Every structure is written in structure tokens, then in C-alpha cells.
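Participant: So here's run.txt (compact mmCIF, C-alpha atoms and all ligand atoms).
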```
# COMPACT_ATOMS: atom_id res chain seq x y z
CA MET A 1 -2.24 14.13 -38.29
CA ALA A 2 -2.37 10.74 -36.62
CA THR A 3 -4.59 10.60 -33.55
CA ILE A 4 -4.79 8.29 -30.56
CA GLN A 5 -7.47 7.55 -28.00
CA ALA A 6 -7.28 8.12 -24.27
CA ALA A 7 -9.82 7.96 -21.44
CA VAL A 8 -10.27 11.36 -19.83
CA MET A 9 -11.82 11.86 -16.40
CA THR A 10 -13.36 15.30 -16.83
CA GLU A 11 -14.57 15.40 -13.23
CA PRO A 12 -15.23 12.79 -10.52
CA GLY A 13 -17.88 10.36 -11.76
CA HIS A 14 -17.38 11.06 -15.46
CA ILE A 15 -14.87 9.46 -17.81
CA GLU A 16 -14.98 9.49 -21.63
CA LEU A 17 -12.82 8.53 -24.59
CA ARG A 18 -11.20 11.44 -26.42
CA GLU A 19 -8.92 11.79 -29.41
CA PHE A 20 -5.48 13.34 -29.00
CA PRO A 21 -2.74 13.99 -31.53
CA LYS A 22 -0.18 11.18 -31.45
CA PRO A 23 2.55 12.45 -29.05
CA GLN A 24 5.74 13.86 -30.59
CA ILE A 25 8.62 13.00 -28.26
CA GLY A 26 11.77 15.03 -27.72
CA PRO A 27 15.31 13.58 -27.78
CA GLU A 28 15.24 12.96 -24.00
CA GLU A 29 11.87 11.22 -24.01
CA VAL A 30 10.22 7.88 -24.74
CA LEU A 31 6.89 6.97 -26.32
CA ILE A 32 5.30 3.87 -24.80
CA LYS A 33 2.62 1.92 -26.61
CA VAL A 34 0.40 0.83 -23.75
CA GLU A 35 -0.50 -2.84 -23.75
CA ARG A 36 -2.37 -3.18 -20.44
CA THR A 37 -3.20 -0.96 -17.47
CA GLY A 38 -4.68 -2.13 -14.18
CA ILE A 39 -7.44 -0.21 -12.43
CA CYS A 40 -6.22 0.77 -8.96
CA GLY A 41 -8.22 1.47 -5.84
CA SER A 42 -6.92 5.04 -6.09
CA ASP A 43 -8.43 5.37 -9.60
CA LYS A 44 -11.71 4.38 -7.99
CA HIS A 45 -11.18 6.95 -5.21
CA MET A 46 -10.41 9.59 -7.85
CA TYR A 47 -13.65 8.65 -9.62
CA ALA A 48 -15.52 8.94 -6.32
CA GLY A 49 -14.10 12.43 -5.69
CA HIS A 50 -11.80 11.52 -2.79
CA MET A 51 -8.76 13.24 -4.32
CA ALA A 52 -8.10 16.94 -4.80
CA LEU A 53 -6.78 16.95 -8.37
CA LYS A 54 -6.76 19.39 -11.24
CA PHE A 55 -9.20 17.82 -13.73
CA PRO A 56 -9.31 16.75 -16.52
CA VAL A 57 -7.00 13.80 -15.81
CA ILE A 58 -6.06 10.76 -17.88
CA PRO A 59 -5.81 8.22 -15.04
CA GLY A 60 -3.90 4.94 -15.04
CA HIS A 61 -0.55 4.26 -13.34
CA GLU A 62 -0.33 0.44 -13.44
CA LEU A 63 0.80 -0.07 -16.99
CA VAL A 64 2.93 -2.28 -19.18
CA GLY A 65 3.74 -1.60 -22.78
CA THR A 66 6.42 -1.58 -25.41
CA ILE A 67 8.80 1.19 -26.40
CA ALA A 68 7.35 2.66 -29.61
CA GLU A 69 9.97 5.40 -29.97
CA MET A 70 13.07 6.22 -27.95
CA GLY A 71 14.72 9.64 -28.14
CA SER A 72 18.44 9.68 -28.96
CA LYS A 73 19.38 11.06 -25.50
CA ALA A 74 16.66 9.28 -23.48
CA ALA A 75 19.03 6.64 -22.11
CA GLU A 76 21.02 9.41 -20.38
CA LYS A 77 17.98 11.12 -18.91
CA LEU A 78 15.97 8.20 -17.57
CA ALA A 79 16.63 5.79 -14.71
CA ILE A 80 16.69 2.50 -16.61
CA VAL A 81 16.66 -0.75 -14.62
CA GLY A 82 16.93 -4.31 -15.91
CA GLY A 83 19.34 -3.73 -18.76
CA PRO A 84 19.63 -1.38 -21.71
CA VAL A 85 16.34 -0.91 -23.55
CA LYS A 86 15.50 -0.33 -27.19
CA GLU A 87 12.41 0.12 -29.34
CA GLY A 88 10.13 -2.91 -29.15
CA ASP A 89 11.18 -3.89 -25.60
CA ARG A 90 8.52 -4.54 -22.97
CA VAL A 91 8.70 -2.01 -20.15
CA THR A 92 6.87 -0.49 -17.23
CA THR A 93 7.33 2.80 -15.42
CA THR A 94 6.71 3.98 -11.88
CA PRO A 95 3.93 6.53 -11.43
CA SER A 96 6.34 8.99 -9.80
CA SER A 97 9.15 10.70 -11.63
CA LEU A 98 12.65 10.66 -10.10
CA ALA A 99 13.22 12.50 -6.82
CA CYS A 100 14.62 15.99 -7.46
CA GLY A 101 17.71 15.69 -5.27
CA ARG A 102 17.39 19.30 -4.11
CA CYS A 103 14.31 19.69 -1.90
CA TYR A 104 14.47 19.55 1.91
CA TYR A 105 13.65 15.82 2.00
CA CYS A 106 15.97 14.84 -0.83
CA LEU A 107 18.84 16.63 0.92
CA HIS A 108 18.10 15.41 4.44
CA MET A 109 16.57 11.98 3.83
CA PRO A 110 17.76 10.76 0.42
CA HIS A 111 16.93 7.17 1.46
CA ARG A 112 13.24 8.12 1.56
CA PRO A 113 12.67 9.40 -1.98
CA THR A 114 8.89 9.17 -1.74
CA LEU A 115 8.98 12.28 0.45
CA CYS A 116 10.39 14.44 -2.38
CA THR A 117 8.12 17.44 -2.87
CA ASN A 118 8.99 18.04 -6.54
CA ARG A 119 7.79 14.90 -8.31
CA PHE A 120 4.92 14.62 -10.72
CA VAL A 121 2.89 11.44 -10.89
CA TYR A 122 1.75 9.71 -14.07
CA GLY A 123 -1.99 9.04 -14.01
CA PHE A 124 -2.65 11.97 -11.66
CA VAL A 125 -1.47 15.00 -13.69
CA SER A 126 -3.93 17.21 -15.55
CA SER A 127 -4.25 16.26 -19.21
CA GLY A 128 -4.50 19.99 -19.87
CA ILE A 129 -0.77 20.35 -19.05
CA ALA A 130 1.60 19.28 -21.86
CA PRO A 131 2.87 16.75 -22.63
CA THR A 132 -0.15 14.48 -22.79
CA PRO A 133 -1.13 11.65 -22.36
CA ARG A 134 0.67 10.96 -19.11
CA GLY A 135 -1.77 8.33 -17.89
CA GLY A 136 -2.10 4.63 -18.66
CA PHE A 137 -5.72 4.53 -19.82
CA SER A 138 -4.51 5.57 -23.23
CA GLU A 139 -3.11 3.95 -26.35
CA TYR A 140 0.22 5.74 -25.83
CA LEU A 141 2.04 7.29 -22.87
CA HIS A 142 4.47 10.20 -23.22
CA LEU A 143 7.36 9.44 -20.88
CA THR A 144 9.47 12.49 -20.10
CA ALA A 145 13.04 12.86 -18.82
CA ASN A 146 13.66 12.06 -15.14
CA SER A 147 11.30 9.09 -15.18
CA TRP A 148 11.92 5.45 -14.29
CA LEU A 149 11.91 2.74 -16.92
CA PHE A 150 12.01 -0.94 -15.98
CA LYS A 151 12.65 -3.63 -18.55
CA ILE A 152 10.28 -6.54 -17.97
CA PRO A 153 12.12 -9.86 -17.55
CA ASP A 154 11.69 -12.14 -20.58
CA ASP A 155 10.16 -14.90 -18.50
CA LEU A 156 7.48 -12.69 -16.92
CA PRO A 157 4.36 -12.47 -19.12
CA SER A 158 2.85 -9.00 -19.54
CA GLU A 159 -0.47 -10.20 -18.17
CA TYR A 160 1.26 -10.53 -14.78
CA ALA A 161 3.77 -7.69 -15.19
CA VAL A 162 0.76 -5.34 -15.22
CA LEU A 163 0.60 -6.06 -11.47
CA THR A 164 4.02 -4.50 -10.82
CA GLU A 165 2.67 -1.30 -9.27
CA PRO A 166 0.29 -2.89 -6.74
CA ALA A 167 3.00 -5.49 -6.04
CA ALA A 168 5.39 -2.60 -5.27
CA VAL A 169 2.88 -1.30 -2.71
CA ALA A 170 2.42 -4.77 -1.20
CA THR A 171 6.10 -5.70 -1.03
CA ARG A 172 6.98 -2.36 0.57
CA ALA A 173 4.19 -2.76 3.12
CA VAL A 174 5.75 -6.06 4.13
CA GLU A 175 9.27 -4.61 4.10
CA ARG A 176 8.09 -1.82 6.42
CA ALA A 177 7.42 -4.56 8.99
CA LEU A 178 10.90 -6.07 8.65
CA GLY A 179 12.77 -3.61 10.83
CA PRO A 180 14.44 -3.99 13.22
CA GLY A 181 14.51 -7.59 12.05
CA ILE A 182 15.83 -9.23 15.17
CA PRO A 183 13.34 -12.06 15.55
CA HIS A 184 14.95 -13.54 18.66
CA ILE A 185 14.13 -10.41 20.63
CA GLY A 186 10.54 -10.72 19.50
CA GLU A 187 10.48 -7.76 17.15
CA GLY A 188 10.18 -7.37 13.42
CA LEU A 189 9.06 -9.87 10.83
CA GLY A 190 10.43 -13.35 10.44
CA MET A 191 9.45 -16.95 9.86
CA ASP A 192 7.82 -17.85 13.16
CA LYS A 193 5.62 -14.76 13.28
CA SER A 194 1.91 -14.11 13.04
CA VAL A 195 0.60 -11.45 10.69
CA LEU A 196 -3.01 -10.34 10.47
CA VAL A 197 -3.93 -8.70 7.17
CA LEU A 198 -7.04 -6.56 7.51
CA GLY A 199 -8.82 -6.26 4.17
CA ALA A 200 -8.56 -8.78 1.34
CA GLY A 201 -8.87 -6.45 -1.64
CA PRO A 202 -6.17 -6.34 -4.32
CA ILE A 203 -3.47 -4.87 -2.03
CA GLY A 204 -4.38 -7.19 0.86
CA GLN A 205 -4.19 -10.21 -1.44
CA LEU A 206 -0.76 -9.21 -2.74
CA VAL A 207 0.43 -8.52 0.82
CA ILE A 208 -0.66 -12.06 1.73
CA ALA A 209 1.16 -13.47 -1.30
CA THR A 210 4.29 -11.48 -0.37
CA LEU A 211 4.21 -12.76 3.22
CA ALA A 212 3.89 -16.31 1.94
CA HIS A 213 6.67 -15.67 -0.57
CA ILE A 214 9.16 -14.62 2.13
CA GLY A 215 8.22 -17.55 4.34
CA VAL A 216 6.06 -16.11 7.12
CA ASP A 217 4.49 -19.06 8.89
CA GLN A 218 1.19 -17.68 10.16
CA ILE A 219 -0.84 -15.44 7.87
CA ILE A 220 -4.39 -14.54 8.88
CA ALA A 221 -6.74 -12.69 6.52
CA ALA A 222 -9.84 -10.77 7.61
CA ASP A 223 -12.55 -9.39 5.33
CA ILE A 224 -16.32 -9.08 5.04
CA SER A 225 -16.44 -11.04 1.79
CA PRO A 226 -16.31 -14.87 1.99
CA LYS A 227 -15.33 -14.91 -1.69
CA ARG A 228 -12.31 -12.68 -1.01
CA LEU A 229 -11.32 -14.83 1.96
CA GLU A 230 -11.42 -17.88 -0.29
CA LEU A 231 -9.00 -16.19 -2.69
CA ALA A 232 -6.87 -15.09 0.30
CA LYS A 233 -6.38 -18.77 1.19
CA ALA A 234 -5.24 -19.51 -2.35
CA MET A 235 -2.84 -16.53 -2.14
CA GLY A 236 -1.25 -17.90 1.03
CA ALA A 237 -3.36 -17.17 4.11
CA GLY A 238 -3.50 -20.15 6.46
CA GLN A 239 -6.44 -18.82 8.48
CA THR A 240 -9.30 -16.44 7.78
CA VAL A 241 -11.57 -14.34 9.96
CA GLN A 242 -14.99 -13.45 8.69
CA VAL A 243 -15.90 -9.84 9.45
CA ASP A 244 -19.64 -9.80 10.02
CA LYS A 245 -22.26 -8.41 12.37
CA ARG A 246 -20.57 -9.94 15.42
CA PRO A 247 -19.24 -7.42 17.94
CA LEU A 248 -15.54 -6.58 17.65
CA ALA A 249 -14.86 -8.30 20.99
CA GLU A 250 -15.78 -11.66 19.46
CA ARG A 251 -13.44 -11.19 16.51
CA LEU A 252 -10.67 -10.10 18.90
CA GLU A 253 -11.14 -13.33 20.85
CA GLU A 254 -11.14 -15.37 17.64
CA VAL A 255 -7.82 -13.86 16.54
CA LYS A 256 -6.30 -14.17 20.03
CA ALA A 257 -7.20 -17.86 20.04
CA LEU A 258 -5.15 -18.24 16.87
CA THR A 259 -2.15 -16.30 18.24
CA SER A 260 -1.04 -17.68 21.62
CA GLY A 261 -3.84 -15.78 23.35
CA VAL A 262 -2.20 -12.37 22.85
CA GLY A 263 -2.90 -11.22 19.29
CA PRO A 264 -0.78 -11.11 16.13
CA ASP A 265 2.81 -9.85 16.15
CA ILE A 266 2.05 -7.62 13.19
CA VAL A 267 -1.14 -6.16 11.72
CA ILE A 268 -1.18 -4.76 8.19
CA GLU A 269 -4.18 -2.51 7.46
CA THR A 270 -5.02 -2.59 3.75
CA ALA A 271 -8.76 -1.91 3.76
CA GLY A 272 -8.48 1.87 3.67
CA VAL A 273 -11.50 2.17 5.94
CA PRO A 274 -10.88 4.43 8.98
CA ILE A 275 -12.55 2.11 11.52
CA VAL A 276 -10.26 -0.69 10.36
CA PHE A 277 -7.20 1.35 11.37
CA LYS A 278 -8.73 1.72 14.82
CA GLU A 279 -9.31 -2.05 14.93
CA SER A 280 -5.72 -2.76 13.91
CA LEU A 281 -4.65 -1.14 17.20
CA ASP A 282 -7.11 -3.41 19.02
CA PHE A 283 -5.95 -6.60 17.30
CA VAL A 284 -2.16 -6.26 17.52
CA ARG A 285 -0.39 -7.77 20.55
CA ARG A 286 1.53 -5.60 23.01
CA GLY A 287 4.95 -4.65 21.62
CA GLY A 288 3.70 -5.36 18.11
CA ILE A 289 3.80 -3.47 14.83
CA VAL A 290 0.96 -1.88 12.86
CA ILE A 291 1.54 -1.07 9.20
CA GLU A 292 -0.92 1.41 7.69
CA VAL A 293 -1.04 1.05 3.90
CA GLY A 294 -4.74 1.36 3.07
CA HIS A 295 -5.20 5.10 3.43
CA PHE A 296 -3.41 6.45 0.39
CA THR A 297 -6.49 8.62 -0.13
CA ASP A 298 -8.50 10.33 2.58
CA PRO A 299 -11.98 8.92 3.20
CA GLY A 300 -12.31 10.65 6.61
CA GLY A 301 -11.40 10.01 10.23
CA VAL A 302 -12.10 7.75 13.17
CA GLU A 303 -11.99 8.12 16.93
CA ILE A 304 -9.17 6.30 18.70
CA ARG A 305 -8.02 6.20 22.30
CA PRO A 306 -4.31 7.04 22.15
CA ASN A 307 -3.72 5.28 25.47
CA ILE A 308 -3.72 1.97 23.62
CA ILE A 309 -0.60 3.07 21.70
CA CYS A 310 1.22 3.70 25.00
CA PHE A 311 -0.18 0.71 26.84
CA LYS A 312 0.75 -1.68 24.05
CA ASP A 313 4.14 -0.01 23.41
CA LEU A 314 3.31 -0.04 19.70
CA ASP A 315 5.25 0.71 16.56
CA ILE A 316 2.89 2.26 14.01
CA ARG A 317 4.41 2.69 10.57
CA GLY A 318 2.80 4.46 7.64
CA MET A 319 3.92 4.42 4.05
CA TRP A 320 3.62 6.88 1.23
CA ALA A 321 3.90 4.78 -1.92
CA TYR A 322 7.42 3.29 -2.39
CA PRO A 323 10.87 4.18 -3.70
CA GLY A 324 11.21 3.70 -7.47
CA MET A 325 13.54 0.72 -7.00
CA GLN A 326 10.65 -1.12 -5.33
CA PHE A 327 9.57 -1.98 -8.89
CA LYS A 328 12.63 -4.23 -9.19
CA THR A 329 11.52 -6.09 -6.06
CA ALA A 330 7.96 -6.26 -7.37
CA LEU A 331 9.04 -7.69 -10.74
CA SER A 332 11.17 -10.28 -8.96
CA PHE A 333 8.24 -11.20 -6.71
CA LEU A 334 5.83 -11.54 -9.66
CA LYS A 335 8.32 -13.73 -11.50
CA ASN A 336 8.84 -16.08 -8.57
CA THR A 337 5.62 -16.13 -6.56
CA ARG A 338 3.50 -19.26 -6.52
CA ALA A 339 0.33 -17.23 -5.94
CA PRO A 340 -2.46 -17.88 -8.49
CA LEU A 341 -2.21 -14.53 -10.27
CA ASP A 342 -4.57 -15.74 -13.01
CA ARG A 343 -7.33 -16.02 -10.41
CA PHE A 344 -6.38 -12.64 -8.95
CA ILE A 345 -7.07 -10.88 -12.28
CA THR A 346 -10.83 -11.22 -12.68
CA HIS A 347 -11.61 -8.91 -15.60
CA ARG A 348 -9.96 -7.78 -18.82
CA LEU A 349 -11.77 -4.98 -20.67
CA PRO A 350 -11.10 -2.78 -23.72
CA LEU A 351 -10.44 0.94 -23.19
CA ALA A 352 -13.98 1.82 -24.30
CA ARG A 353 -15.35 -0.01 -21.22
CA ILE A 354 -13.27 1.93 -18.66
CA ALA A 355 -16.33 3.38 -16.87
CA GLU A 356 -17.71 -0.13 -16.40
CA GLY A 357 -14.30 -1.24 -15.11
CA LEU A 358 -14.28 1.58 -12.53
CA ASP A 359 -17.82 0.71 -11.48
CA ILE A 360 -17.06 -2.96 -10.79
CA THR A 361 -13.66 -2.31 -9.11
CA GLY A 362 -14.03 -2.86 -5.38
CA GLY A 363 -17.25 -4.83 -5.81
CA GLU A 364 -18.01 -8.40 -4.85
CA THR A 365 -17.36 -9.92 -8.29
CA ALA A 366 -14.13 -8.10 -9.11
CA MET A 367 -10.58 -8.36 -7.78
CA LYS A 368 -8.10 -6.83 -10.24
CA VAL A 369 -9.63 -5.30 -13.38
CA VAL A 370 -7.22 -4.74 -16.27
CA ILE A 371 -7.83 -2.43 -19.23
CA GLU A 372 -6.30 -3.40 -22.57
CA PRO A 373 -6.08 -0.28 -24.76
ZN ZN A 401 -2.06 1.55 -7.99
ZN ZN A 402 13.17 16.30 -3.85
```
Reformat the file's structure so that it appears as C-alpha cells.
Facilitator:
Amino acid sequence: MATIQAAVMTEPGHIELREFPKPQIGPEEVLIKVERTGICGSDKHMYAGHMALKFPVIPGHELVGTIAEMGSKAAEKLAIVGGPVKEGDRVTTTPSSLACGRCYYCLHMPHRPTLCTNRFVYGFVSSGIAPTPRGGFSEYLHLTANSWLFKIPDDLPSEYAVLTEPAAVATRAVERALGPGIPHIGEGLGMDKSVLVLGAGPIGQLVIATLAHIGVDQIIAADISPKRLELAKAMGAGQTVQVDKRPLAERLEEVKALTSGVGPDIVIETAGVPIVFKESLDFVRRGGIVIEVGHFTDPGGVEIRPNIICFKDLDIRGMWAYPGMQFKTALSFLKNTRAPLDRFITHRLPLARIAEGLDITGGETAMKVVIEP
């Protein structure tokens, strides 16, 4: 029997290559030959033990590949976007399967499909539950019915299409700030607005590139790493704030001086560090908007003084991933952005070096690390 290789995280801190039988798909399913898979901050959090999952898991949810086999009824059972697809086509899939349409949230809030309680998520399911592999750090991915399938535009190279998932996070984070979108009353996001992006990791960088892409005039990036701030400028930030040993009050003054003396209209927290959420409340101007995107996993808490939320009359908006259709927006963004995506991807490693990839992710030398099975 033909076998394939996949990287299995047996427990936090341990990942190893294992052989699996080559998946046999049913008529409603698709077999994807994985070409590239990006390492996400959440893969790193999984590795660090910040996620309650049923191990073993084959991680990886930022993948591009080609259709190796397509079941005869798959086209009727999948949500296919970007045109009909056939064997050999380049595709990507969202981590989450389709919303169920029947749970409380699907019935009451169908426009917020990320709240559906009955979805499974590729790259986070136990590899002990068939079918397997359902993670991207593998030579093949078994795509089941009720999944999304996006055809990659011909003029978007796969080396950039691998960024679709983090770009979906970043574009939604920016879209969360759009409402109510009436710039002349001083609310929402528009051209003549100031946005402070806290954290210049992979999501922060793509948020900056998205803001630049939609024409926001003043983009300020803050991070502890001068190297990351340098990249942030290339991605579209006009100003940067070095986070160092200085007291917060000094950084607040620095940002106020850049923003009419009041603070930015919008703050987007991408660092995923609890204290940074607290600081986002400090930085934003009165009547402003705070978007919390960094805490997809739970690294702990922080003390805040809720009075600041009242005093500043704030809108604080969270986000739990993104609707599946966000991938269409992300693909469009990747196709059209002028951001230097080649600089953004710092490492390309074979599957056998996945542990090394996880180790360097989040470090000073790495931005986006891509595994090429
Ligand atoms: Zn991701
Ligand atoms: Zn549902």
C-alpha cells in the first residue's frame, strides 16, 4: 500500500514525521497534494501547550496545493469559490468546515458563521479520528464534504497564495474597524484616519499592508523589534514606535504627538500579549475603536480599569477567525497588494525540518516560515 508522510504533534513540544496510508477519498471528497503550508502563530501556541486539544494532531491550516483526486459528487458537497475546479488545479481551503446551518448561532446570526458550534477545523483535529491527514504539514490532505475550496487565481503565485489564511485574519481585522463607516461623523475607518497597530509579527504586518491597500493615510506600527519595525515600514507603516524600557507614559506621549495630541482613531492589537490589550485602551483616543485580534489563544489575563472604557466611550471589537468568504477577499488582496511579500516570507523549509520551523517562528530572525512538503 502506498504511504505518505505527515508531521504529527504527539503532545505539546514534540512533533515527528510519521507514515500514513495514502488517503482513499469517497465520492463527496477531495484529495489535495500539499505544495506549501505556512507556520502560524497558533501552531506555535499549540506547540507551547496553550491550546486544549486532543493530541495527536497533524497541524497546519495555511496551505496551498493541487487537486490530486476529486470525487464524482464532490462539486455538489463543497463550497467552491473562484470557478469550477478539476484535478490538477491549484487550490486552498479554509481551516473551518462550512457552518452547520442548524445550531443556535447559525439560526439566529447566519451572517456570523464563525460562531457556529458544529464546525471542525483542519490542522486542529486529532489525527486519531478518521479521515486523516486533516492538517497541512503533510504530503496530502483529505478534504471532506462541507468544506470550502478556493481556486487560486492564475496570476497569483503559490508562494504568495500560501499567505491566504493569515491575510484572511488581517483583512477581517481591518474590516471589523470599518463600521459604522461614516467618516464625517468621526467614526469608523476611512482615508484621513490614524491607525496604531500594536505588534509587528506576521498578522500585524499583514494588517499594516491591508490598511495601506485600502488607502488609510496614517499607519503607525509599534513593536519591540527594530527589525520588525523596519519591515513594517516596507509593508506600509508611515511611522513607527519603538517599544523599549521607557515607561508607558512616554510612549503614549509619542503617539499623541503623532495624532493631533489625542491618540489614534483606531488601535488594532495583534501582539497577543495581555498587557498589550490593556495598552490599546490607553493609546486609543476618546470615541475610538479597539480591535482585538491577537488573542486567538489564551496566554493568560491582565488587570484593566474598566472606567477607561466608559470615560473614552470606546468601541471594543473582538474577532473569532473570519467567515469562509474572507478567503476571497484575502486572495484578491494578495493579488493586488504592493507589499513586499517576498521579504515577509523569511524561511522555506522541507517537512522534515518542521520542529526547527516551529522553534524559529516568533523569533527575531523569522517572520513567516513556510513548510514545503
Ligand atoms: Zn493561521
Ligand atoms: Zn452552526
Participant: Around ligand ZN 402 (chain A), at most 6 Å away and counting all atoms listed in the file, which residues are there? Put them as a count of residues only, please.
Facilitator: 10
Participant: Pick out the closest residue to Tyr322 of chain A from this set: A:Glu69, A:Glu253, A:Glu165, A:Asp265. Count all atoms listed in the file.
Facilitator: A:Glu165
Participant: List as a tab-separated table every residue of chain A that is in contact with ligand ZN 401 (chain A), defined as an atom at most 9 Å from one of its atoms (using all atoms listed in the file), together with the nearest atom pair and the distance in Å rounded to one decimal, sorted by chain and then rising number.
Facilitator:
```
residue	atom	partner	partner_atom	distance
A:Gly38	CA	A:ZN401	ZN	7.7
A:Ile39	CA	A:ZN401	ZN	7.2
A:Cys40	CA	A:ZN401	ZN	4.3
A:Gly41	CA	A:ZN401	ZN	6.5
A:Ser42	CA	A:ZN401	ZN	6.3
A:Asp43	CA	A:ZN401	ZN	7.6
A:Gly60	CA	A:ZN401	ZN	8.0
A:His61	CA	A:ZN401	ZN	6.2
A:Glu62	CA	A:ZN401	ZN	5.8
A:Pro95	CA	A:ZN401	ZN	8.5
A:Leu163	CA	A:ZN401	ZN	8.8
A:Glu165	CA	A:ZN401	ZN	5.7
A:Pro166	CA	A:ZN401	ZN	5.2
A:Ala167	CA	A:ZN401	ZN	8.9
A:Ala168	CA	A:ZN401	ZN	9.0
A:Val169	CA	A:ZN401	ZN	7.8
A:Ile203	CA	A:ZN401	ZN	8.9
```
Participant: For Glu19 of chain A, which residue out of A:Asp359, A:Glu139, A:Glu76, A:Asp89 is the nearest one, using only C-alpha atoms?
Facilitator: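 Under the stated criterion, the closest residue is A:Glu139.
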Participant: Which one is closest to Ala6 of chain A: A:Ser127, A:Thr66, A:Thr93, A:Gln205? Count all atoms listed in the file.
Facilitator: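 Nearest candidate to Ala6 of chain A out of A:Ser127, A:Thr66, A:Thr93, A:Gln205: A:Ser127.
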Participant: Using all atoms listed in the file, can you list as a list in words the residues within 12 Å of (-24.4, -9.6, 7.4)?
Facilitator: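 Using all atoms listed in the file, the matching residues come out as Ile224, Ser225, Pro226, Gln242, Val243, Asp244, Lys245, Arg246 and Pro247 of chain A.
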Participant: Take the residues from that selection and put them in a file with C-alpha atoms, as an mmCIF file, in the coordinates of the input.
Facilitator:
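Okay, this is what ended up in result_5.cif:
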```cif
data_model
loop_
_atom_site.group_PDB
_atom_site.id
_atom_site.type_symbol
_atom_site.label_atom_id
_atom_site.label_comp_id
_atom_site.auth_asym_id
_atom_site.auth_seq_id
_atom_site.Cartn_x
_atom_site.Cartn_y
_atom_site.Cartn_z
ATOM 1 C CA ILE A 224 -16.320 -9.080 5.040
ATOM 2 C CA SER A 225 -16.440 -11.040 1.790
ATOM 3 C CA PRO A 226 -16.310 -14.870 1.990
ATOM 4 C CA GLN A 242 -14.990 -13.450 8.690
ATOM 5 C CA VAL A 243 -15.900 -9.840 9.450
ATOM 6 C CA ASP A 244 -19.640 -9.800 10.020
ATOM 7 C CA LYS A 245 -22.260 -8.410 12.370
ATOM 8 C CA ARG A 246 -20.570 -9.940 15.420
ATOM 9 C CA PRO A 247 -19.240 -7.420 17.940
#
```
Participant: Taking (-8.6, 3.7, -32.3) in the file's coordinates as the center, which residues reach within 12 Å of it, counting only C-alpha atoms, put as a list in words?
Facilitator: Ala2, Thr3, Ile4, Gln5, Ala6, Ala7, Leu17, Arg18, Glu19, Phe20, Pro21, Lys22, Ser138, Glu139, Tyr140, Pro350, Leu351, Ala352 and Pro373 of chain A
Participant: So, counting only C-alpha atoms, which residue among A:Pro23, A:Gly65, A:Gly318, A:Pro133 is closest to Ala177 of chain A?
Facilitator: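 Answer, going by the shortest atom-to-atom distance: A:Gly318.
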Participant: Suppose you want the space between atom CA of Leu63 of chain A and atom CA of Arg119 of chain A; what is it in Å?
Facilitator: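 Interatomic distance, atom CA of Leu63 of chain A to atom CA of Arg119 of chain A: 18.7 Å.
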Participant: From the list A:Leu231, A:Leu196, A:Met9, A:Ile345, which residue is nearest Val216 of chain A when using only C-alpha atoms?
Facilitator: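 Comparing A:Leu231, A:Leu196, A:Met9, A:Ile345 against Val216 of chain A, the winner is A:Leu196.
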Participant: Which of these residues is nearest to Lys193 of chain A, using all atoms listed in the file: A:Ser147, A:Tyr104, A:Phe283, A:Ile289?
Facilitator: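 Closest candidate: A:Ile289.
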Participant: For segment 324-328 of chain A, take all atoms listed in the file, fit an axis-aligned box around them, add 4 Å to each of the six sides, then output centre and edge lengths in Å rounded to one decimal, as AutoDock Vina command-line options.
Facilitator:
```
--center_x 11.6 --center_y -0.3 --center_z -7.3 --size_x 12.0 --size_y 15.9 --size_z 11.9
```
Participant: Just the number, please: distance in Å from atom CA of Val255 of chain A to atom CA of Arg176 of chain A, one decimal.
Facilitator: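 One can read the atom CA of Val255 of chain A to atom CA of Arg176 of chain A distance as 22.4 Å.
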Participant: Please compute the atom CA of Gly238 of chain A-atom CA of Ile219 of chain A distance, one decimal, in Å.
Facilitator: 5.6 Å
